[in-house]
Amino acid sequence: MMTALTKEWLEQRRTHRLLIVCLILLLFGLLSPLLAKFTPEIIKMVPGGEQISQVIPPPTIADAVVQYLKNLTQFGLLLAVLMGMGMVSQEKDKGTAAMMLAKPLGRTAFILAKAAAMGASFLIGTALAAAAGYYYTLLLFEALPAGGWLALNGLLLIYFSVYAALTLLASTLNRSVLGSGVTAVGFVILLALIEMIPAAGKLLTGGLLGWAGNLALGSAEAPAWGALWVCLGLIAAALTASVLVFRRQEI
Amino acid sequence: MEALKPYIPYLIPVIFIQLGLMVFALVDLVRRERTKGPKWMWAIIIVAVNIIGPVVYLLAGKDES
Amino acid sequence: MSAIRIEALTKSFGKFRALDGLSLTVEGGAVFGFLGPNGAGKTTTLRILTGLAHADSGGAWVEGLEVGKSAEISSRIGYLPEEPAFYPWMTGIETLDTMGQVHRIEKAERRRRVDEMLEMAGLTEAGKRRVGGYSRGMRQRLGLAQALIHRPQVLLLDEPASALDPAGRKDVLGMIEGLRGQCTVFMSTHILADVERICDTVAIIDRGKLVANARRADLIARYAIPMLALEADDVDRLNKLATEVSQMGWAHAVAIEGRRLTVTVKDLAAAQRELLAQAVAAGLVVTHYEQVKPSLEDVFLRIVENGKESRQL
């Protein structure tokens, strides 16, 4: 397992995956509070925006949190799919998986090391985004409650992990990178459709993010423990399914 | 617009990261022998599609072997 | 105990039967040539032995351990697929070191083995470079190095030299020949010259079935049709001789190529007694006479052709 992890982590660094995750998440950590601050002014500059801007209240720290959640979830999702889709399928397609797995390297370790390496990249990226977002929000608005902010980012990391794990499953199910990408997007759409059912939405990533927003603003409203458990369950289920499928697969 | 002037310096790191990412992707593109799909297409995507362009190229456009 | 034992292995891909009850035994220490036309089931057999693919029925044992039941096998074998693939972002040294780690070789020994393997593969210089920039021949040699890093008892090679240019092929075959006595080599190929060069035992498969399995020399003796050839300058008389000879009881078939007459014979002793005498009687001045040594290619073609005929019947 250690060997597989070492290899995966080296791959995250050498193929610039770690760098890209860090840069993109950091970028939106910085940009989100700025966007919150600038939005009313930008609307003013749009022709006819003058009237609308009259009714928009001045931006608050809540807008900064909303922007942060919106941007990071969008781009985190994109990163998870782009990074994860080739992880297993490309190794099967190119033949590197066959080289590794004809040796005493377990298939379970092979999959779990990938999940762990991708998780580590997102952990570091999220930490950078959190620090940047906290600092810029402090400068542009006011200080966020540190505990709540930490909790928001923890939940954000779980959100990323859900899609990373689902993409890893998609990559295990396919032999081509393109096919994996299509399957992964299919999973994302499926999840989004389920979220549209109000009762189910509360128990999925939507509920998780709503709770995260409240926590960041120091509010204890609408805790979504159910959503947290469902998301953790989804991660576990996707990884278990990947391992079970991969163990039976011909490489 | 006047109200935002004091905040302009905050944008510097943001612009720095965006440009850095674009330059990094372009340098990689020029040096690489093969990419998935034509090079000129990637060049346009990297320059024209802000942030997402370089990211998609760096994560999915390279052909390593 | 045999190094490899395969019993009644079957494997289908949809309607295509890749393996159709293949049984085979490879003795320890052999350099074993696993021969067959493209699509005969060679790669499938190797993939089953490595555990990468699963047989529909039948069984296989490596060093007495059953494939699919014992995880220990992967430590005993070294495997080189037809197109070895590496992580392009690793250097040659890192690749071998990672493979050594997977085999749980401890650090000091691993470093030593990596150096040894690089030297054997002629990659000492290139070891520090990324594998992404290696040529086909370099990748093949690196592939052989990674298959040998843990001193396997059984080496499984899938077409190790087939895709290489003559120089690259000579390098790789030389490396394989150097392993004689160190481990059992089981190599698949469709190129007979390679087998003739280094293998001591040969199995021929066609359409997923074993059609011949013997020591190389025995195989040639058993299956090759004896052939005599003579050369003479007088083409008219040579043609006349050909007609006469084709009516003899000991002759199987007669062919003329320029000034060379070849006769495949049914009764070698009789042919040897009579052919030259007839040539002299026909007034020919024989410039060259020989008994042609059949190549594995002749054997191979004959066996595979026979297989086709018997299937048509």
# chains A, B, ... in the order shown; residues from 1 in each chain; ligands from 1
$ interface_residues --of "chain A" --to "chain B" --cutoff "9 Å" --atoms "only C-alpha atoms" --output "list in words"
Thr15, His16, Arg17, Ile20, Leu23, Ile24, Leu26, Leu27, Phe28, Leu30, Leu31, Leu34, Lys37, Phe38, Glu41, Ile42, Lys44, Met45, Phe75, Leu78, Leu79, Leu82, Met83, Gly86, Lys94, Tyr136, Leu140 and Val177 of chain A
$ write_last_selection --atoms "C-alpha atoms" --output "mmCIF file, in the first residue's frame"
data_model
loop_
_atom_site.group_PDB
_atom_site.id
_atom_site.type_symbol
_atom_site.label_atom_id
_atom_site.label_comp_id
_atom_site.auth_asym_id
_atom_site.auth_seq_id
_atom_site.Cartn_x
_atom_site.Cartn_y
_atom_site.Cartn_z
ATOM 1 C CA THR A 15 1.806 15.600 -13.649
ATOM 2 C CA HIS A 16 1.046 18.992 -12.020
ATOM 3 C CA ARG A 17 -2.279 17.796 -10.634
ATOM 4 C CA ILE A 20 -3.398 22.877 -10.514
ATOM 5 C CA LEU A 23 -3.790 27.196 -7.814
ATOM 6 C CA ILE A 24 -7.448 26.964 -8.829
ATOM 7 C CA LEU A 26 -6.511 29.334 -4.064
ATOM 8 C CA LEU A 27 -7.616 31.549 -6.934
ATOM 9 C CA PHE A 28 -11.274 31.244 -6.025
ATOM 10 C CA LEU A 30 -9.147 35.040 -3.217
ATOM 11 C CA LEU A 31 -11.615 35.904 -5.936
ATOM 12 C CA LEU A 34 -13.699 40.224 -4.211
ATOM 13 C CA LYS A 37 -17.676 43.173 -3.003
ATOM 14 C CA PHE A 38 -17.658 44.140 -6.668
ATOM 15 C CA GLU A 41 -20.633 47.990 -8.840
ATOM 16 C CA ILE A 42 -20.392 45.689 -11.843
ATOM 17 C CA LYS A 44 -24.110 49.469 -12.132
ATOM 18 C CA MET A 45 -21.825 49.503 -15.161
ATOM 19 C CA PHE A 75 -14.565 24.410 -9.914
ATOM 20 C CA LEU A 78 -14.729 20.238 -12.532
ATOM 21 C CA LEU A 79 -11.317 19.398 -11.062
ATOM 22 C CA LEU A 82 -10.966 16.018 -14.891
ATOM 23 C CA MET A 83 -8.429 14.600 -12.444
ATOM 24 C CA GLY A 86 -8.187 8.978 -16.282
ATOM 25 C CA LYS A 94 -2.085 2.202 -21.767
ATOM 26 C CA TYR A 136 -9.626 38.504 1.931
ATOM 27 C CA LEU A 140 -12.912 43.431 2.557
ATOM 28 C CA VAL A 177 -10.674 8.142 -20.526
#
$ residues_around --residues "Asp234 (chain C)" --least-positions-apart "2" --cutoff "9 Å" --atoms "only C-alpha atoms" --output "PyMOL selection string"
chain C and resi 232+236-239+259+284-285
$ closest_atom_pairs --of "chain C" --to "chain A" --cutoff "6 Å" --atoms "only C-alpha atoms" --output "tab-separated table"
residue	atom	partner	partner_atom	distance
C:Thr50	CA	A:Ala102	CA	5.6
C:Leu52	CA	A:Ile251	CA	5.3
C:Ala53	CA	A:Glu250	CA	4.8
C:Ser74	CA	A:Lys103	CA	5.0
C:Ser75	CA	A:Pro104	CA	5.9
C:Ala85	CA	A:Thr96	CA	5.0
C:Phe86	CA	A:Thr96	CA	5.6
$ interface_residues --of "chain C" --to "chain B" --cutoff "9 Å" --atoms "only C-alpha atoms" --output "number ranges by chain"
C: 85-89, 131-133
$ write_last_selection --atoms "N, CA and C atoms" --output "mmCIF file, in the first residue's frame"
data_model
loop_
_atom_site.group_PDB
_atom_site.id
_atom_site.type_symbol
_atom_site.label_atom_id
_atom_site.label_comp_id
_atom_site.auth_asym_id
_atom_site.auth_seq_id
_atom_site.Cartn_x
_atom_site.Cartn_y
_atom_site.Cartn_z
ATOM 1 N N ALA C 85 4.322 -0.945 -20.915
ATOM 2 C CA ALA C 85 3.947 0.455 -20.712
ATOM 3 C C ALA C 85 4.496 0.919 -19.371
ATOM 4 N N PHE C 86 4.982 2.139 -19.355
ATOM 5 C CA PHE C 86 5.552 2.688 -18.123
ATOM 6 C C PHE C 86 4.932 4.042 -17.857
ATOM 7 N N TYR C 87 5.145 4.546 -16.634
ATOM 8 C CA TYR C 87 4.670 5.880 -16.326
ATOM 9 C C TYR C 87 5.658 6.867 -16.938
ATOM 10 N N PRO C 88 5.200 7.659 -17.914
ATOM 11 C CA PRO C 88 6.140 8.516 -18.649
ATOM 12 C C PRO C 88 6.795 9.578 -17.769
ATOM 13 N N TRP C 89 6.185 9.867 -16.629
ATOM 14 C CA TRP C 89 6.727 10.910 -15.754
ATOM 15 C C TRP C 89 7.771 10.358 -14.783
ATOM 16 N N VAL C 131 11.104 8.141 -18.744
ATOM 17 C CA VAL C 131 10.791 7.019 -19.631
ATOM 18 C C VAL C 131 9.974 7.481 -20.842
ATOM 19 N N GLY C 132 9.234 8.591 -20.676
ATOM 20 C CA GLY C 132 8.423 9.123 -21.773
ATOM 21 C C GLY C 132 9.221 9.357 -23.049
ATOM 22 N N GLY C 133 10.530 9.586 -22.907
ATOM 23 C CA GLY C 133 11.344 9.859 -24.086
ATOM 24 C C GLY C 133 12.112 8.654 -24.605
#
$ residues_around --residues "Ala43 (chain B)" --least-positions-apart "4" --cutoff "7 Å" --atoms "only C-alpha atoms" --output "VMD selection string"
chain B and resid 26 39 47
$ closest_residue --among "B:Ile12, B:Lys5, B:Val30, B:Met41" --to "Gly53 (chain B)" --atoms "only C-alpha atoms"
B:Met41
$ residues_around --residues "Ile111 (chain A)" --least-positions-apart "3" --cutoff "8 Å" --atoms "only C-alpha atoms" --output "list in words"
Val88, Arg107, Thr108, Lys114, Ala115, Ser242 and Val243 of chain A
$ select_by_dssp --residues "chain B" --states "alpha helix (DSSP H)" --output "PyMOL selection string"
chain B and resi 11-31+39-48+52-56
$ residues_around --residues "region 52-60 of chain A" --least-positions-apart "3" --cutoff "8 Å" --atoms "only C-alpha atoms" --output "short mmCIF file (atom, residue, chain, number, x, y, z; two decimals) with N, CA, C and O atoms, in the first residue's frame"
data_model
loop_
_atom_site.label_atom_id
_atom_site.label_comp_id
_atom_site.auth_asym_id
_atom_site.auth_seq_id
_atom_site.Cartn_x
_atom_site.Cartn_y
_atom_site.Cartn_z
N ALA A 36 -17.89 39.27 -4.40
CA ALA A 36 -19.01 39.69 -3.55
C ALA A 36 -18.99 41.21 -3.39
O ALA A 36 -20.02 41.87 -3.45
N LYS A 37 -17.82 41.74 -3.19
CA LYS A 37 -17.68 43.17 -3.00
C LYS A 37 -17.99 43.95 -4.27
O LYS A 37 -18.61 45.01 -4.24
N PRO A 40 -22.26 44.57 -6.96
CA PRO A 40 -23.17 45.71 -7.15
C PRO A 40 -22.58 46.75 -8.08
O PRO A 40 -23.30 47.33 -8.91
N GLU A 41 -21.28 46.98 -7.98
CA GLU A 41 -20.63 47.99 -8.84
C GLU A 41 -20.63 47.54 -10.29
O GLU A 41 -20.82 48.33 -11.20
N ILE A 43 -22.81 45.55 -11.69
CA ILE A 43 -24.18 45.67 -12.20
C ILE A 43 -24.46 47.12 -12.61
O ILE A 43 -25.10 47.39 -13.62
N LYS A 44 -23.92 48.05 -11.83
CA LYS A 44 -24.11 49.47 -12.13
C LYS A 44 -23.58 49.82 -13.53
O LYS A 44 -24.12 50.67 -14.22
N GLY A 48 -28.58 50.06 -18.00
CA GLY A 48 -29.85 49.77 -17.34
C GLY A 48 -29.69 49.16 -15.98
O GLY A 48 -30.65 48.88 -15.26
N GLY A 49 -28.45 48.95 -15.58
CA GLY A 49 -28.21 48.34 -14.28
C GLY A 49 -28.36 49.31 -13.14
O GLY A 49 -28.49 48.91 -11.97
N ASP A 63 -22.69 37.48 1.57
CA ASP A 63 -22.49 37.37 0.13
C ASP A 63 -21.13 36.75 -0.18
O ASP A 63 -20.98 35.98 -1.12
N ALA A 64 -20.13 37.13 0.62
CA ALA A 64 -18.79 36.56 0.43
C ALA A 64 -18.81 35.05 0.61
O ALA A 64 -18.21 34.30 -0.17
N PHE A 141 -14.43 42.70 4.30
CA PHE A 141 -15.65 42.77 5.11
C PHE A 141 -15.28 42.81 6.59
O PHE A 141 -14.94 43.83 7.15
#
$ atom_distance --atom1 "CA of Gly283 (chain C)" --atom2 "CA of Lys266 (chain C)"
25.0 Å
$ closest_residue --among "A:Leu77, A:Leu5, A:Val46, A:Ala227" --to "Ala184 (chain A)" --atoms "only C-alpha atoms"
A:Leu77
$ residues_around --residues "region 188-197 of chain C" --least-positions-apart "2" --cutoff "6 Å" --atoms "only C-alpha atoms" --output "list in words"
Gly33, Phe34, Leu35, Gly36, Pro37, Asp158, Glu159 and Cys199 of chain C
$ atom_distance --atom1 "CA of Leu217 (chain A)" --atom2 "CA of Ser121 (chain A)"
26.6 Å
